[in-house]
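Here the structure is laid out as structure tokens; the discussion comes afterwards.
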Amino acid sequence: MLLICSLVSVASFRAEHPFSWDGATVYFLITDRFCNGDSTNDINYGRKTDYGSERLNAATFHGGDFAGVLKKAKEGYFTQLGVDVVWLTDVYEQIHGWMTGSGDVNDFPHYGYHGYYPLDYTQTDKNYGTIEEFREVVDTLHAQGIRVMLGANLNDPGYPTLLDAVQYGFADTSLSEKEAAEHIREWSYDDFFQGRLGWKGWYGRDWIRMPDEVWDEDNPLEATLYGMPDYKDENDSPVRIPEFLKRKWKKEGKKNNPWVNPTVAAIPVIAIVAFISCCLTARLIAFCPGSKWLIGA
């Protein structure tokens with residue numbers, strides 16, 4: 001009864017006070033670290049979540065998902081807090097493997113649990129949940145008068161990892177998938193990434209900056225971040241989809257449809273190229289054009 005009264009009072013307040021971004025209360029939420037509503041989706045893509053200690057597991061996926069966000073929303077968690085906007089971290093499919101934790105120190109495996117290491121912009125990450133689960137989260141929050149804002153990391157792709165290289169064949173690692181998922185303390189990301197000129201099928205120089213090029217780190221359109229691959233945001237020329245993504249989609253066929261954005265699934269490949277190029281140039285804060293339900297408008 002207390003919850004019902006609380007929801008009614010919040011709804012009445014929202015009806016009397018039209019939304020404005022001025023003074024809006026925004027709740028920032030890292031999906032993976034919020035609430036695990038479905039333990040069956042905790043491990044995907046050949047990732048490893050348990051390396052034997054709390055320190056080594058600090059940056060693995062911990063199980064939070066859309067189901068957990070929905071559970072808390074239905075319980076009235078966000079309405080009782082009185083928030084106007086729920087800001088979720090990026091929902092895209094993340095890199096499958098780990099990046100070196102603490103930079104060159106590499107003292108723990110660092111996964112893209114936070115959503116900032118995108119691998120495939122056309123799909124949600126299976127650790128987070130399906131498109132329909134996300135749709136229900138957004139619809140539920142909208143029904144409560146709460147807007148939904150998404151993070152969108154469009155400045156750079158996620159780090160190229162050993163596991164992704166093995167799975168999609170863009171760089172030689174001499175490792176199996178199982179071996180690539182293990183934390184290799186002596187592995188150097190910098191040395192690995194320096195060899196990208198010789199890779200086959202990953203992002204080429206039409207997409208990202210290469211070690212034999214010169215750019216201005218003081219220019220916000222050219223500056224790189226933490227050694228990440230950097231999209232050429234200043235370039236407005238069309239680009240072709242990298243071969244590794246074509247191989248990925250061909251391998252998946254239709255079995256990944258529950259996680260594929262339906263707007264993307266309904267358009268031809270050439271339009272996807274134009275969409276990605278447009279997003280990278282304009283820094284659009286949206287998951288896909290036409291998906292209004294995703295951005296809480």
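The chains in the structure tokens are called A, B, ... from first to last as shown; in each chain the residues are counted from 1, and the ligands are counted from 1 in the order shown.
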
Neighbouring residues of region 59-76 of chain A were defined as those with any atom within 6 Å, considering only C-alpha atoms; residues of the same chain fewer than 4 positions away were excluded. Please report them as a list of chain:residue names. A:Thr31, A:Asp32, A:Arg33, A:Phe34, A:Cys35, A:Asn36, A:Gly37, A:Asp42, A:Thr49, A:Gln80, A:His110, A:Tyr111, A:Tyr113, A:Tyr128, A:Gly129, A:Phe134, A:Val137

Rounded to one decimal in Å, what is the spacing between CA of Val214 (chain A) and CA of Tyr231 (chain A)?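 Rounded to one decimal, the two atoms are 13.9 Å apart.
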
Helix (DSSP H, G or I) positions in region 148-177 of chain A, given as a list in words: Leu162, Leu163, Asp164, Ala165, Val166, Gln167, Tyr168 and Glu177 of chain A

Contact check, region 113-187 of chain A to region 19-24 of chain A, at most 12 Å, counting only C-alpha atoms, closest pairs as CSV:
residue,atom,partner,partner_atom,distance
A:Gly145,CA,A:Phe19,CA,9.0
A:Ile146,CA,A:Phe19,CA,9.3
A:Arg147,CA,A:Phe19,CA,9.3
A:Met149,CA,A:Trp21,CA,12.0

Print the selection's residues with N, CA and C atoms to a file, as a PDB file, in the first residue's frame.
ATOM      1  N   GLY A 145       6.760   8.028 -16.108  1.00  0.00           N
ATOM      2  CA  GLY A 145       7.114   9.436 -16.303  1.00  0.00           C
ATOM      3  C   GLY A 145       8.602   9.705 -16.254  1.00  0.00           C
ATOM      4  N   ILE A 146       9.408   8.652 -16.429  1.00  0.00           N
ATOM      5  CA  ILE A 146      10.859   8.787 -16.354  1.00  0.00           C
ATOM      6  C   ILE A 146      11.457   8.640 -17.745  1.00  0.00           C
ATOM      7  N   ARG A 147      12.303   9.559 -18.116  1.00  0.00           N
ATOM      8  CA  ARG A 147      12.978   9.475 -19.397  1.00  0.00           C
ATOM      9  C   ARG A 147      14.188   8.550 -19.312  1.00  0.00           C
ATOM     10  N   MET A 149      18.022   7.865 -20.950  1.00  0.00           N
ATOM     11  CA  MET A 149      19.134   8.408 -21.727  1.00  0.00           C
ATOM     12  C   MET A 149      20.204   7.331 -21.847  1.00  0.00           C
TER      13      MET A 149
END

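The residues of region 49-289 of chain A that DSSP classifies as strand (DSSP E), using the backbone of this structure, are Val85, Val86, Trp87, Leu88, Tyr92, Glu93, Gln94, Met99, Thr100, Pro109, His110, Pro118, Leu119, Asp120, Tyr121, Thr122, Gln123, Thr124, Arg147, Val148, Met149 and Leu150 of chain A.
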
Give me, as a tab-separated table, each residue of region 101-147 of chain A that comes within 8 Å of region 179-186 of chain A, together with its shortest interatomic pair and the distance in Å at one decimal, counting only C-alpha atoms, with rows ordered by chain and rising residue number.
residue	atom	partner	partner_atom	distance
A:Asn106	CA	A:Arg185	CA	5.9
A:Asp107	CA	A:Arg185	CA	6.6
A:Phe108	CA	A:His183	CA	7.2
A:Pro109	CA	A:His183	CA	5.9

What is the distance between CA of Leu141 (chain A) and CA of Ala266 (chain A), in Å to one decimal?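 Interatomic distance, CA of Leu141 (chain A) to CA of Ala266 (chain A): 26.4 Å.
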
Per-residue nearest contacts of region 110-193 of chain A to region 224-228 of chain A (8 Å; only C-alpha atoms) as JSON lines:
{"residue": "A:Asp156", "atom": "CA", "partner": "A:Met228", "partner_atom": "CA", "distance": 6.9}
{"residue": "A:Pro157", "atom": "CA", "partner": "A:Met228", "partner_atom": "CA", "distance": 7.6}
{"residue": "A:Gly158", "atom": "CA", "partner": "A:Met228", "partner_atom": "CA", "distance": 7.1}
{"residue": "A:Tyr159", "atom": "CA", "partner": "A:Met228", "partner_atom": "CA", "distance": 5.9}
{"residue": "A:Asp190", "atom": "CA", "partner": "A:Gly227", "partner_atom": "CA", "distance": 7.8}

If you count only C-alpha atoms, which residues fall within 8 Å of region 196-209 of chain A, apart from same-chain ones fewer than 6 positions away, as a ChimeraX atom specification? /A:169-171,229-232,239,242-244

Could you save the residues just selected, with N, CA and C atoms, as a CSV table (one decimal), in the first residue's frame?
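For reference, part_23.csv as written:
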chain,number,residue,atom,x,y,z
A,169,GLY,N,39.6,-13.7,-36.7
A,169,GLY,CA,40.8,-13.9,-37.6
A,169,GLY,C,41.4,-12.7,-38.2
A,170,PHE,N,41.4,-11.6,-37.5
A,170,PHE,CA,42.1,-10.4,-38.1
A,170,PHE,C,43.5,-10.2,-37.7
A,171,ALA,N,44.0,-11.0,-36.7
A,171,ALA,CA,45.4,-11.0,-36.4
A,171,ALA,C,45.8,-12.3,-35.9
A,229,PRO,N,41.9,2.5,-30.1
A,229,PRO,CA,41.8,2.8,-31.6
A,229,PRO,C,40.9,4.1,-31.7
A,230,ASP,N,41.3,5.0,-32.6
A,230,ASP,CA,40.6,6.2,-32.7
A,230,ASP,C,40.0,6.4,-34.1
A,231,TYR,N,38.6,6.5,-34.1
A,231,TYR,CA,38.0,6.8,-35.4
A,231,TYR,C,38.4,8.2,-35.9
A,232,LYS,N,38.5,8.3,-37.2
A,232,LYS,CA,38.8,9.6,-37.8
A,232,LYS,C,37.6,10.5,-37.9
A,239,VAL,N,32.8,5.0,-45.7
A,239,VAL,CA,33.7,3.9,-45.3
A,239,VAL,C,33.0,2.6,-45.6
A,242,PRO,N,34.2,-3.2,-42.2
A,242,PRO,CA,35.3,-4.1,-42.0
A,242,PRO,C,35.0,-5.5,-42.3
A,243,GLU,N,35.9,-6.3,-42.8
A,243,GLU,CA,35.7,-7.7,-43.1
A,243,GLU,C,35.4,-8.5,-41.9
A,244,PHE,N,36.0,-8.1,-40.8
A,244,PHE,CA,35.7,-9.0,-39.6
A,244,PHE,C,34.3,-8.9,-39.1

Residue nearest Thr100 (chain A) among A:Thr173, A:Lys246, A:Leu88, A:Trp187 (counting only C-alpha atoms):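 Of A:Thr173, A:Lys246, A:Leu88, A:Trp187, the one nearest Thr100 (chain A), counting only C-alpha atoms, is A:Trp187.
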